[in-house]
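A.B. asks: So that you have it, the file is target11.cif, and it contains mmCIF, C-alpha atoms and all ligand atoms:
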data_input
#
loop_
_atom_site.label_atom_id
_atom_site.label_comp_id
_atom_site.auth_asym_id
_atom_site.auth_seq_id
_atom_site.Cartn_x
_atom_site.Cartn_y
_atom_site.Cartn_z
CA MET Y 22 56.07 98.05 118.51
CA LYS Y 23 55.65 95.79 115.46
CA ALA Y 24 58.50 94.97 113.14
CA GLU Y 25 58.29 96.81 109.84
CA SER Y 26 59.41 94.17 107.48
CA LYS Y 27 62.16 95.79 105.42
CA TYR Y 28 64.04 92.49 105.67
CA ASP Y 29 62.80 88.93 105.96
CA VAL Y 30 65.90 87.97 107.91
CA CYS Y 31 68.52 89.76 110.00
CA ILE Y 32 71.48 87.59 111.01
CA ILE Y 33 73.33 88.73 114.12
CA GLY Y 34 76.94 87.64 113.55
CA GLY Y 35 76.06 87.60 109.86
CA CYS Y 36 79.57 87.99 108.44
CA GLY Y 37 81.01 84.96 110.24
CA HIS Y 38 81.69 81.43 109.04
CA VAL Y 39 78.15 80.24 109.77
CA GLY Y 40 76.16 83.45 109.39
CA LEU Y 41 77.44 84.55 105.99
CA PRO Y 42 76.81 81.37 103.96
CA LEU Y 43 73.45 80.95 105.66
CA GLY Y 44 72.47 84.53 104.83
CA MET Y 45 73.61 84.21 101.22
CA CYS Y 46 71.69 80.96 100.76
CA LEU Y 47 68.51 82.42 102.26
CA ALA Y 48 68.93 85.39 99.89
CA ARG Y 49 69.43 83.07 96.93
CA GLU Y 50 66.05 81.54 97.81
CA GLY Y 51 64.46 84.96 97.46
CA LEU Y 52 64.42 86.25 101.04
CA ARG Y 53 65.59 89.79 101.77
CA VAL Y 54 68.53 89.32 104.13
CA THR Y 55 70.72 91.68 106.11
CA ALA Y 56 73.86 90.42 107.84
CA PHE Y 57 74.49 92.46 110.97
CA ASP Y 58 77.99 92.20 112.39
CA ILE Y 59 80.13 94.24 114.80
CA ASN Y 60 83.21 93.61 112.67
CA LYS Y 61 83.09 96.70 110.45
CA GLN Y 62 86.01 95.61 108.27
CA GLN Y 63 84.26 92.35 107.55
CA VAL Y 64 81.01 94.19 106.77
CA GLU Y 65 82.81 96.44 104.26
CA LEU Y 66 84.55 93.49 102.66
CA VAL Y 67 81.29 91.58 102.27
CA ASN Y 68 79.45 94.60 100.82
CA SER Y 69 82.26 95.02 98.30
CA GLY Y 70 81.63 91.45 97.11
CA ARG Y 71 84.66 89.80 98.68
CA MET Y 72 84.44 86.78 100.96
CA PRO Y 73 86.31 87.22 104.26
CA PHE Y 74 87.17 83.50 104.30
CA LYS Y 75 87.28 80.45 102.06
CA GLU Y 76 83.87 79.00 101.27
CA GLU Y 77 83.11 76.69 98.35
CA GLY Y 78 81.07 78.73 95.84
CA GLY Y 79 81.08 81.74 98.17
CA GLU Y 80 82.42 84.51 95.88
CA GLU Y 81 79.96 83.70 93.07
CA LEU Y 82 76.97 83.51 95.36
CA LEU Y 83 77.91 86.72 97.17
CA SER Y 84 78.19 88.65 93.87
CA LYS Y 85 74.84 87.25 92.74
CA VAL Y 86 72.83 88.09 95.88
CA LEU Y 87 74.43 91.55 96.18
CA ALA Y 88 73.65 92.31 92.53
CA GLU Y 89 70.06 91.14 92.99
CA LYS Y 90 69.82 93.41 96.06
CA LYS Y 91 68.61 90.49 98.14
CA PHE Y 92 71.53 90.65 100.54
CA THR Y 93 73.44 93.36 102.36
CA ALA Y 94 75.77 93.53 105.35
CA THR Y 95 75.49 96.16 108.05
CA SER Y 96 77.04 97.23 111.33
CA ASP Y 97 73.83 98.99 112.36
CA PRO Y 98 71.93 97.00 115.02
CA SER Y 99 68.73 98.94 114.32
CA MET Y 100 68.29 96.68 111.28
CA ILE Y 101 67.07 94.10 113.81
CA SER Y 102 63.98 96.27 114.30
CA VAL Y 103 63.02 96.16 110.64
CA SER Y 104 63.35 92.42 110.13
CA MET Y 105 60.73 89.72 110.62
CA ASN Y 106 63.08 86.90 111.53
CA ILE Y 107 66.29 87.26 113.53
CA ILE Y 108 68.94 84.54 113.41
CA LEU Y 109 71.59 84.81 116.10
CA VAL Y 110 74.88 83.11 115.30
CA MET Y 111 77.60 84.81 117.31
CA GLY Y 112 80.51 82.73 118.58
CA THR Y 113 80.12 80.75 121.81
CA PRO Y 114 83.70 80.23 122.98
CA VAL Y 115 85.03 78.89 126.25
CA THR Y 116 87.07 81.13 128.55
CA SER Y 117 90.73 80.69 129.51
CA HIS Y 118 89.34 78.58 132.38
CA LEU Y 119 87.86 76.27 129.71
CA TYR Y 120 84.32 77.17 130.79
CA PRO Y 121 81.53 78.45 128.50
CA ALA Y 122 81.66 82.24 128.27
CA TYR Y 123 78.00 82.84 129.23
CA PRO Y 124 78.30 86.39 130.57
CA GLU Y 125 79.56 87.69 127.21
CA PHE Y 126 76.88 85.79 125.28
CA PHE Y 127 74.02 86.96 127.49
CA ALA Y 128 75.40 90.52 127.55
CA SER Y 129 75.33 90.56 123.74
CA VAL Y 130 71.75 89.29 123.66
CA ARG Y 131 70.71 91.85 126.31
CA GLN Y 132 72.40 94.63 124.35
CA TYR Y 133 70.16 93.92 121.34
CA LEU Y 134 66.85 93.43 123.17
CA PRO Y 135 65.87 97.12 122.77
CA PHE Y 136 65.92 96.57 119.00
CA PHE Y 137 63.54 93.61 119.06
CA CYS Y 138 59.83 93.94 118.32
CA ASP Y 139 56.73 91.96 119.19
CA GLY Y 140 55.86 89.31 116.68
CA GLN Y 141 59.41 88.52 115.58
CA LEU Y 142 60.94 85.06 115.37
CA LEU Y 143 64.33 84.71 117.10
CA VAL Y 144 66.32 81.69 115.92
CA LEU Y 145 69.35 80.73 117.99
CA ARG Y 146 71.82 79.12 115.55
CA SER Y 147 75.00 79.22 117.66
CA THR Y 148 76.02 76.04 119.48
CA VAL Y 149 74.79 76.75 122.99
CA TYR Y 150 74.95 75.22 126.43
CA PRO Y 151 71.76 73.35 127.42
CA GLY Y 152 69.18 75.70 128.88
CA VAL Y 153 70.37 78.77 126.98
CA THR Y 154 67.34 78.85 124.65
CA GLU Y 155 64.98 78.93 127.63
CA LYS Y 156 67.14 81.59 129.30
CA VAL Y 157 67.10 83.80 126.20
CA ALA Y 158 63.30 83.39 125.96
CA GLN Y 159 63.04 84.45 129.59
CA MET Y 160 65.19 87.51 128.85
CA THR Y 161 62.86 88.55 126.02
CA ARG Y 162 59.79 88.11 128.26
CA GLU Y 163 61.38 90.13 131.06
CA HIS Y 164 62.02 92.85 128.50
CA GLY Y 165 58.28 92.88 127.80
CA LEU Y 166 58.64 91.32 124.36
CA ASP Y 167 56.33 88.84 122.67
CA VAL Y 168 58.89 87.02 120.53
CA ASP Y 169 58.98 83.37 119.40
CA VAL Y 170 62.35 81.98 120.52
CA VAL Y 171 63.59 78.78 118.84
CA PHE Y 172 66.84 76.84 118.62
CA CYS Y 173 67.93 75.37 115.30
CA PRO Y 174 71.58 74.30 115.49
CA GLU Y 175 73.96 74.69 112.55
CA ARG Y 176 75.56 71.40 111.52
CA ILE Y 177 77.43 72.25 108.32
CA SER Y 178 81.10 71.50 107.84
CA GLN Y 179 82.95 74.79 107.60
CA GLY Y 180 83.72 75.74 104.01
CA GLU Y 181 81.00 73.49 102.59
CA ALA Y 182 77.95 75.27 103.94
CA ILE Y 183 76.51 76.37 100.60
CA ARG Y 184 76.06 72.75 99.54
CA GLU Y 185 75.36 71.20 102.93
CA LEU Y 186 72.62 73.63 103.92
CA TYR Y 187 70.49 72.03 101.20
CA GLU Y 188 71.50 68.46 102.01
CA LEU Y 189 71.38 68.19 105.78
CA PRO Y 190 68.20 67.74 107.80
CA GLN Y 191 67.40 70.59 110.17
CA ILE Y 192 66.98 69.85 113.85
CA VAL Y 193 64.30 72.31 114.93
CA SER Y 194 63.10 73.09 118.44
CA ALA Y 195 60.76 75.70 119.82
CA LEU Y 196 59.10 76.80 123.02
CA SER Y 197 55.71 77.24 121.34
CA PRO Y 198 53.76 75.67 118.44
CA SER Y 199 53.85 78.97 116.56
CA GLY Y 200 57.65 79.11 116.94
CA MET Y 201 57.95 75.58 115.57
CA LYS Y 202 55.69 76.39 112.62
CA ARG Y 203 57.64 79.53 111.79
CA VAL Y 204 61.13 78.02 112.03
CA ARG Y 205 60.06 75.12 109.81
CA GLN Y 206 58.69 77.58 107.29
CA LEU Y 207 61.89 79.63 107.32
CA PHE Y 208 64.19 76.66 106.73
CA SER Y 209 61.85 74.92 104.28
CA VAL Y 210 63.55 76.95 101.53
CA PHE Y 211 66.41 74.44 101.77
CA ASN Y 212 64.59 71.12 102.08
CA ASP Y 213 61.71 69.53 103.97
CA ASP Y 214 63.70 67.15 106.15
CA PHE Y 215 63.03 68.29 109.72
CA VAL Y 216 63.58 66.59 113.05
CA GLU Y 217 61.63 68.14 115.90
CA LEU Y 218 63.01 68.15 119.43
CA SER Y 219 62.53 70.18 122.58
CA PRO Y 220 65.10 73.00 122.94
CA MET Y 221 67.00 71.11 125.66
CA GLU Y 222 67.08 67.97 123.51
CA ALA Y 223 68.29 69.97 120.51
CA GLU Y 224 70.98 71.68 122.57
CA PHE Y 225 72.19 68.27 123.71
CA ALA Y 226 71.94 66.92 120.15
CA LYS Y 227 74.37 69.50 118.80
CA LEU Y 228 76.84 69.07 121.66
CA PHE Y 229 76.65 65.27 121.34
CA THR Y 230 77.34 65.56 117.60
CA ASN Y 231 80.51 67.58 117.99
CA THR Y 232 81.72 65.71 121.05
CA TRP Y 233 81.17 62.37 119.31
CA ARG Y 234 83.41 63.50 116.46
CA TYR Y 235 86.04 64.83 118.85
CA ILE Y 236 86.15 61.54 120.79
CA ARG Y 237 86.34 59.48 117.59
CA PHE Y 238 89.37 61.49 116.45
CA ALA Y 239 90.89 60.99 119.91
CA VAL Y 240 90.48 57.22 119.66
CA ALA Y 241 92.37 57.18 116.35
CA ASN Y 242 95.04 59.50 117.75
CA GLN Y 243 95.48 57.40 120.87
CA PHE Y 244 95.76 54.20 118.81
CA TYR Y 245 98.29 55.95 116.61
CA MET Y 246 100.43 56.92 119.60
CA ILE Y 247 100.17 53.45 121.18
CA ALA Y 248 101.25 51.74 117.96
CA ASN Y 249 103.95 54.27 117.23
CA SER Y 250 105.40 54.03 120.75
CA SER Y 251 105.79 50.31 120.06
CA ASP Y 252 107.69 51.24 116.89
CA LEU Y 253 104.84 50.01 114.69
CA ASP Y 254 103.40 51.88 111.76
CA PHE Y 255 99.80 52.59 112.78
CA TYR Y 256 98.65 52.68 109.15
CA LYS Y 257 99.73 49.15 108.44
CA ILE Y 258 97.42 48.05 111.23
CA TYR Y 259 94.75 50.60 110.21
CA GLU Y 260 94.64 49.27 106.65
CA ALA Y 261 94.41 45.72 107.93
CA ILE Y 262 91.52 46.32 110.33
CA THR Y 263 89.48 48.54 107.99
CA HIS Y 264 89.97 46.30 104.93
CA ASN Y 265 86.60 44.81 103.95
CA TYR Y 266 85.50 44.85 107.55
CA PRO Y 267 82.30 46.89 107.81
CA ARG Y 268 82.20 47.28 111.59
CA ILE Y 269 85.32 49.42 111.71
CA LYS Y 270 85.30 50.93 108.23
CA ASP Y 271 84.45 54.41 109.47
CA MET Y 272 87.39 54.67 111.85
CA PRO Y 273 89.06 58.05 111.30
CA LYS Y 274 92.74 58.36 110.55
CA ALA Y 275 95.04 60.02 113.06
CA GLY Y 276 95.54 63.76 112.67
CA PHE Y 277 95.25 67.10 114.40
CA ALA Y 278 91.69 67.37 115.77
CA ALA Y 279 91.05 70.97 116.62
CA GLY Y 280 89.36 74.07 115.28
CA PRO Y 281 86.78 76.49 116.56
CA CYS Y 282 84.08 73.93 117.44
CA LEU Y 283 84.93 70.40 118.56
CA PHE Y 284 87.27 71.29 121.43
CA LYS Y 285 85.06 73.97 122.97
CA ASP Y 286 81.81 72.04 122.47
CA THR Y 287 83.29 69.03 124.26
CA LEU Y 288 84.11 71.45 127.07
CA GLN Y 289 80.57 72.86 127.02
CA LEU Y 290 79.30 69.34 127.61
CA ALA Y 291 81.94 68.79 130.29
CA ALA Y 292 80.76 71.92 132.08
CA LEU Y 293 77.25 70.49 132.18
CA THR Y 294 78.46 67.37 133.96
CA GLY Y 295 80.20 69.27 136.73
CA ASN Y 296 83.49 68.21 135.20
CA THR Y 297 82.81 64.49 135.49
CA PHE Y 298 82.86 63.93 131.71
CA PHE Y 299 85.91 61.68 131.83
CA LEU Y 300 85.65 60.53 128.22
CA GLY Y 301 85.48 64.11 126.95
CA HIS Y 302 88.38 65.30 129.08
CA SER Y 303 90.43 62.25 128.07
CA ALA Y 304 89.75 63.03 124.41
CA LEU Y 305 90.98 66.53 125.02
CA LEU Y 306 94.21 65.31 126.60
CA VAL Y 307 94.81 62.93 123.70
CA ASN Y 308 94.05 65.37 120.88
CA GLU Y 309 95.81 68.30 122.50
CA GLY Y 310 98.75 66.06 123.39
CA LEU Y 311 99.48 64.97 119.82
CA PRO Y 312 101.78 67.89 118.83
CA ASP Y 313 103.84 67.36 121.96
CA TYR Y 314 103.99 63.62 121.29
CA ILE Y 315 105.41 64.25 117.81
CA VAL Y 316 108.11 66.50 119.22
CA GLN Y 317 108.98 64.03 121.99
CA ARG Y 318 109.38 61.25 119.44
CA LEU Y 319 111.61 63.38 117.25
CA LYS Y 320 113.75 64.21 120.26
CA LEU Y 321 114.36 60.51 120.85
CA ARG Y 322 115.80 60.20 117.37
CA CYS Y 323 117.90 63.31 116.93
CA ASN Y 324 119.23 66.39 118.60
CA LEU Y 325 116.33 68.64 117.71
CA GLN Y 326 118.16 71.72 118.98
CA GLU Y 327 120.41 71.43 115.92
CA LYS Y 328 117.56 71.05 113.45
CA VAL Y 329 115.42 73.42 111.44
CA VAL Y 330 111.86 72.10 111.37
CA GLY Y 331 109.31 73.19 108.78
CA ILE Y 332 105.55 72.90 109.27
CA LEU Y 333 103.48 72.60 106.11
CA GLY Y 334 99.86 73.63 106.63
CA MET Y 335 98.80 75.84 109.53
CA SER Y 336 94.99 75.79 109.29
CA PHE Y 337 92.94 73.62 111.61
CA LYS Y 338 91.89 71.33 108.80
CA ARG Y 339 92.67 70.44 105.22
CA ASP Y 340 92.03 73.04 102.48
CA SER Y 341 90.76 75.60 104.99
CA ASP Y 342 92.04 79.11 105.68
CA ASP Y 343 90.81 79.01 109.28
CA HIS Y 344 93.58 78.83 111.85
CA ARG Y 345 91.41 79.24 114.93
CA GLU Y 346 92.62 76.82 117.65
CA SER Y 347 94.79 75.05 115.06
CA LEU Y 348 97.13 72.47 116.58
CA ALA Y 349 99.70 73.33 113.92
CA TYR Y 350 100.23 76.58 115.89
CA LYS Y 351 100.56 74.61 119.12
CA LEU Y 352 103.21 72.49 117.38
CA LYS Y 353 104.97 75.66 116.23
CA ASN Y 354 104.91 76.95 119.79
CA ILE Y 355 106.43 73.76 121.21
CA LEU Y 356 109.08 73.64 118.49
CA ALA Y 357 110.05 77.26 119.11
CA LYS Y 358 111.75 76.13 122.30
CA ASP Y 359 112.81 72.66 121.20
CA CYS Y 360 114.49 73.09 117.81
CA ARG Y 361 117.00 75.46 116.22
CA GLU Y 362 114.42 77.21 114.09
CA VAL Y 363 110.84 76.56 113.14
CA LEU Y 364 109.52 77.63 109.73
CA THR Y 365 105.89 77.64 108.62
CA SER Y 366 104.00 77.66 105.35
CA ASP Y 367 100.36 77.58 104.29
CA PRO Y 368 98.80 78.45 100.92
CA PHE Y 369 95.65 79.90 102.51
CA ILE Y 370 96.89 81.74 105.60
CA ARG Y 371 98.63 85.09 105.90
CA ASP Y 372 100.65 85.82 109.00
CA ASN Y 373 104.04 87.42 109.49
CA ASP Y 374 105.86 84.09 109.75
CA ILE Y 375 104.36 82.33 106.75
CA LEU Y 376 106.98 81.55 104.07
CA PRO Y 377 106.67 80.11 100.57
CA VAL Y 378 106.47 76.34 100.66
CA SER Y 379 109.58 75.97 98.46
CA GLU Y 380 111.63 78.02 100.94
CA VAL Y 381 110.40 75.99 103.92
CA ILE Y 382 111.26 72.73 102.17
CA ALA Y 383 114.68 74.02 101.09
CA ARG Y 384 115.66 75.39 104.51
CA SER Y 385 114.29 72.63 106.78
CA ASP Y 386 116.04 69.50 107.99
CA ILE Y 387 112.74 67.87 108.97
CA LEU Y 388 109.25 68.63 107.65
CA ILE Y 389 106.01 68.05 109.52
CA LEU Y 390 102.64 68.08 107.80
CA GLY Y 391 100.42 70.40 109.86
CA ALA Y 392 97.37 70.24 107.57
CA PRO Y 393 97.14 67.86 104.59
CA HIS Y 394 96.11 70.43 101.97
CA THR Y 395 95.26 68.94 98.58
CA VAL Y 396 97.82 71.21 96.87
CA TYR Y 397 100.58 69.51 98.86
CA ALA Y 398 99.95 66.18 97.13
CA ASP Y 399 102.57 66.74 94.42
CA LEU Y 400 105.31 68.40 96.46
CA GLU Y 401 108.88 67.20 96.02
CA PHE Y 402 110.89 66.94 99.22
CA GLY Y 403 114.28 66.03 97.76
CA GLY Y 404 114.62 63.03 100.05
CA LYS Y 405 113.98 65.00 103.25
CA GLU Y 406 112.01 63.32 105.98
CA VAL Y 407 108.33 64.26 106.21
CA ILE Y 408 106.38 63.50 109.37
CA ASP Y 409 102.89 62.69 108.13
CA ILE Y 410 100.51 61.52 110.86
CA TRP Y 411 97.58 61.46 108.36
CA ASP Y 412 99.45 59.10 106.03
CA PHE Y 413 98.63 61.67 103.36
CA TYR Y 414 101.55 60.51 101.25
CA GLY Y 415 100.76 56.83 101.76
CA LYS Y 416 104.20 56.09 103.17
CA GLY Y 417 103.14 55.40 106.74
CA ALA Y 418 103.47 57.53 109.82
CA LEU Y 419 106.15 55.97 111.95
CA ILE Y 420 108.10 58.48 113.98
N1 LIG H 1 82.32 77.30 112.12
C1 LIG H 1 81.56 76.23 111.95
O1 LIG H 1 81.79 75.39 111.07
C2 LIG H 1 80.34 76.00 112.83
C3 LIG H 1 79.48 74.95 112.52
C4 LIG H 1 78.35 74.77 113.29
C5 LIG H 1 78.12 75.62 114.36
N2 LIG H 1 78.98 76.63 114.64
C6 LIG H 1 78.66 77.53 115.76
O2 LIG H 1 78.21 78.76 115.21
C7 LIG H 1 78.59 79.85 116.06
C8 LIG H 1 79.38 80.86 115.26
O3 LIG H 1 80.55 80.26 114.78
P1 LIG H 1 81.39 80.88 113.58
O4 LIG H 1 82.44 79.90 113.22
O5 LIG H 1 80.49 81.40 112.52
O6 LIG H 1 82.07 82.10 114.34
P2 LIG H 1 82.71 83.38 113.61
O7 LIG H 1 83.62 83.99 114.62
O8 LIG H 1 83.25 83.01 112.28
O9 LIG H 1 81.46 84.32 113.36
C9 LIG H 1 80.82 85.02 114.40
C10 LIG H 1 80.54 86.43 113.89
O10 LIG H 1 79.83 87.10 114.92
C11 LIG H 1 80.32 88.42 114.99
N3 LIG H 1 79.99 88.92 116.32
C12 LIG H 1 80.62 88.63 117.48
N4 LIG H 1 80.00 89.27 118.49
C13 LIG H 1 78.96 89.94 117.96
C14 LIG H 1 77.98 90.81 118.49
N5 LIG H 1 77.93 91.08 119.79
N6 LIG H 1 77.08 91.35 117.64
C15 LIG H 1 77.12 91.09 116.31
N7 LIG H 1 78.04 90.30 115.75
C16 LIG H 1 78.95 89.73 116.56
C17 LIG H 1 81.80 88.31 114.70
O11 LIG H 1 82.33 89.55 114.27
C18 LIG H 1 81.82 87.23 113.62
O12 LIG H 1 81.77 87.77 112.33
C19 LIG H 1 79.35 79.21 117.23
O13 LIG H 1 78.48 78.97 118.28
C20 LIG H 1 79.84 77.91 116.64
O14 LIG H 1 80.07 76.95 117.63
C21 LIG H 1 80.08 76.85 113.88
#
Kindly return the structure encoded in the file as structure tokens.
C.D. replies:
Amino acid sequence: MKAESKYDVCIIGGCGHVGLPLGMCLAREGLRVTAFDINKQQVELVNSGRMPFKEEGGEELLSKVLAEKKFTATSDPSMISVSMNIILVMGTPVTSHLYPAYPEFFASVRQYLPFFCDGQLLVLRSTVYPGVTEKVAQMTREHGLDVDVVFCPERISQGEAIRELYELPQIVSALSPSGMKRVRQLFSVFNDDFVELSPMEAEFAKLFTNTWRYIRFAVANQFYMIANSSDLDFYKIYEAITHNYPRIKDMPKAGFAAGPCLFKDTLQLAALTGNTFFLGHSALLVNEGLPDYIVQRLKLRCNLQEKVVGILGMSFKRDSDDHRESLAYKLKNILAKDCREVLTSDPFIRDNDILPVSEVIARSDILILGAPHTVYADLEFGGKEVIDIWDFYGKGALI
């Protein structure tokens, strides 16, 4: 069966944080795109012109590509059959045993194989464990399909995809020359900066990228805790060592390092090493230990059981509405047992516990910055203590 080309591109997982901006940008460049997603609510929202999450320039672009009839969302998997190029960008989480959830991923791929057609290009865009591209290609062959399978990892920073898709080079990898030619052609609508690797090399490249960032954040967090435990303000030292000294200028500040990618991709790499990735596991202990460290330090200074603690910012990073794996929630969880009451606020997140920022400030004895949102810059705290491990307010971070 040959694909009838009703669409140039079908994105599986097309209403998610990676799939949706990618689909909208491909549509802006004139391709006919359908975003297939099992989340029906999300599909409806997208088709009605509303973004399911915060994305710089997202609402405008969505309205434009919907109006031009270049883009549509669907929960019908048969749209795969009528598309020339399929981009697969479903989540690739780790399980509760902190191991990549392969069975679910392969089951999803297998479920869609009956909709594939000879001659299609299948682009894996999710961050995958090394060897997965080859395995998916094998699955297509065993299903009797003649499909070009390629891996082209997404490297945008969440929320900034619409700009970064045009700015970042694409790492492209394929199992055949025709696959390479086709994936380059598909992504050439954004720019012509390509780096070619083998699929295994590209799979490593993406995991190394995220793990590198995770470890860098862990170094800063560990330094912060070492300095702070010696009753020194880390930022006084940080400013000194980064001042006009190029070799350390790019050292990150301390802060919660979490979210849907860095943690689980470090664990994907750890799984590959048979759990001998000491640096990765150490980074995990450091980054995941930071909320607990803050609470322990507060306990040394006061009877926390008598205090109301307010957390400002619950998303996993600044100016984001994404709370997946956010350490602010881990902090909330720890505080729930360790203080009198814990209150939370965030301008971008809706959950049953979120309160207006003014109420949290008014009712709390101690405030902890959970995410340094730009809108928090001008808040007045009426002399109340604010724990600020980012040094967002420029007053140091000594606890
Ligand atoms: N979020 C990022 O900034 C980022 C950046 C680079 C790479 N990645 C990688 O991209 C992948 C997707 O991440 P995300 O943040 O977009 O996840 P997401 O959860 O926001 O999006 C995934 C989408 O896939 C849909 N989905 C799940 N199972 C499906 C199925 N069987 N069929 C069809 N649709 C299905 C979900 O409903 C969701 O809308 C992951 O591998 C992630 O590591 C993410």
A.B. asks: So which one's closest to Val64 of chain Y, Y:Pro151, Y:Pro98, Y:Pro281, Y:Gly35? Using all atoms listed in the file, please.
C.D. replies: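 Going through Y:Pro151, Y:Pro98, Y:Pro281, Y:Gly35 one by one, the smallest distance to Val64 of chain Y is for Y:Gly35.
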A.B. asks: Hey, which residues sit close to ligand LIG 1 (chain H)? Say within 9 Å, counting only C-alpha atoms and all ligand atoms, and write them as a ChimeraX atom specification.
C.D. replies: /Y:32-41,56-61,63-64,74,96,98,109-114,125-126,128-130,132-133,146-149,174-182,227,231,280-283,285-286
A.B. asks: With a distance cut-off of 12 Å and all atoms listed in the file, select the neighbouring residues of Leu364 of chain Y, excluding the residue or stretch itself and same-chain residues fewer than 3 positions from it, and output the selection as a PyMOL selection string.
C.D. replies: chain Y and resi 328-335+349-350+352-354+356-357+360-361+367+373-391
A.B. asks: Step by step: start from the point (58.5, 92.4, 121.4) in the file's coordinates, keep every protein, DNA or RNA residue that has an atom no farther than 12 Å from it, count all atoms listed in the file, and write the set as a list in words.
C.D. replies: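 Residues satisfying the cut-off, written out: Met22, Lys23, Ala24, Ile101, Ser102, Met105, Tyr133, Leu134, Pro135, Phe136, Phe137, Cys138, Asp139, Gly140, Gln141, Leu142, Leu143, Ala158, Met160, Thr161, Arg162, Glu163, His164, Gly165, Leu166, Asp167, Val168, Asp169 and Val170 of chain Y.
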A.B. asks: Please, what distance in Å, to one decimal, runs between atom CA of Ala94 of chain Y and atom CA of Asn106 of chain Y?
C.D. replies: 15.6 Å
A.B. asks: Ranking Y:Pro273, Y:Gly78, Y:Gly200, Y:Gly310 by minimum distance to Met246 of chain Y and counting all atoms listed in the file, which one comes first?
C.D. replies: Y:Gly310
A.B. asks: Please provide as a list in words all residues within 6 Å of Ile192 of chain Y, with the sequence filter that same-chain residues fewer than 4 positions apart are discarded (counting only C-alpha atoms).
C.D. replies: Cys173, Phe215, Val216 and Glu217 of chain Y
A.B. asks: Choose the residue, out of Y:Ile410, Y:Glu65, Y:Gly70, Y:Leu207, that has the smallest atom-to-atom separation from Val30 of chain Y; count all atoms listed in the file.
C.D. replies: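 Using all atoms listed in the file, the shortest distance to Val30 of chain Y belongs to Y:Leu207.
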A.B. asks: If we count all atoms listed in the file, what is near Asp254 of chain Y at a cut-off of 9 Å, once residues fewer than 2 positions away on the same chain are taken out, given as a list in words?
C.D. replies: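 My reading of the contact set: Tyr245, Ala248, Asn249, Ser251, Asp252, Tyr256, Lys257, Ile258, Tyr259, Gly417, Ala418, Leu419 and Ile420 of chain Y.
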A.B. asks: What does the distance from atom CA of Met100 of chain Y to atom CA of Pro121 of chain Y come to in Å, to one decimal?
C.D. replies: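 Between these atoms lies a distance of 28.4 Å.
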A.B. asks: Find the residue from Y:Asn265, Y:Ser219, Y:Ser117, Y:Thr230 that sits nearest to Gly152 of chain Y; use only C-alpha atoms when measuring.
C.D. replies: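 The shortest atom-to-atom distance to Gly152 of chain Y comes from Y:Ser219.
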A.B. asks: Could you state the separation of atom CA of Val144 of chain Y and atom CA of Ile108 of chain Y in Å, given to one decimal place?
C.D. replies: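 The value is 4.6 Å.
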A.B. asks: Could you complete segment 66-74 of chain Y so that it carries N, CA, C and O atoms, and give it back as a short mmCIF file (atom, residue, chain, number, x, y, z; two decimals), in the coordinates of the input?
C.D. replies:
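Generated file (out.cif):
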data_model
loop_
_atom_site.label_atom_id
_atom_site.label_comp_id
_atom_site.auth_asym_id
_atom_site.auth_seq_id
_atom_site.Cartn_x
_atom_site.Cartn_y
_atom_site.Cartn_z
N LEU Y 66 84.04 94.50 103.60
CA LEU Y 66 84.55 93.49 102.66
C LEU Y 66 83.38 92.77 101.98
O LEU Y 66 83.34 92.62 100.75
N VAL Y 67 82.44 92.34 102.79
CA VAL Y 67 81.29 91.58 102.27
C VAL Y 67 80.48 92.47 101.31
O VAL Y 67 80.11 92.05 100.21
N ASN Y 68 80.23 93.71 101.70
CA ASN Y 68 79.45 94.60 100.82
C ASN Y 68 80.18 94.92 99.52
O ASN Y 68 79.55 95.27 98.53
N SER Y 69 81.53 94.78 99.55
CA SER Y 69 82.26 95.02 98.30
C SER Y 69 82.35 93.75 97.45
O SER Y 69 83.02 93.73 96.42
N GLY Y 70 81.71 92.67 97.92
CA GLY Y 70 81.63 91.45 97.11
C GLY Y 70 82.76 90.48 97.35
O GLY Y 70 82.91 89.51 96.61
N ARG Y 71 83.55 90.73 98.41
CA ARG Y 71 84.66 89.80 98.68
C ARG Y 71 84.38 88.96 99.93
O ARG Y 71 83.93 89.48 100.95
N MET Y 72 84.65 87.68 99.82
CA MET Y 72 84.44 86.78 100.96
C MET Y 72 85.58 86.96 101.97
O MET Y 72 86.74 86.99 101.59
N PRO Y 73 85.25 87.07 103.25
CA PRO Y 73 86.31 87.22 104.26
C PRO Y 73 87.05 85.92 104.54
O PRO Y 73 88.05 85.92 105.24
N PHE Y 74 86.53 84.80 104.06
CA PHE Y 74 87.17 83.50 104.30
C PHE Y 74 86.80 82.58 103.15
O PHE Y 74 85.92 82.89 102.34
#
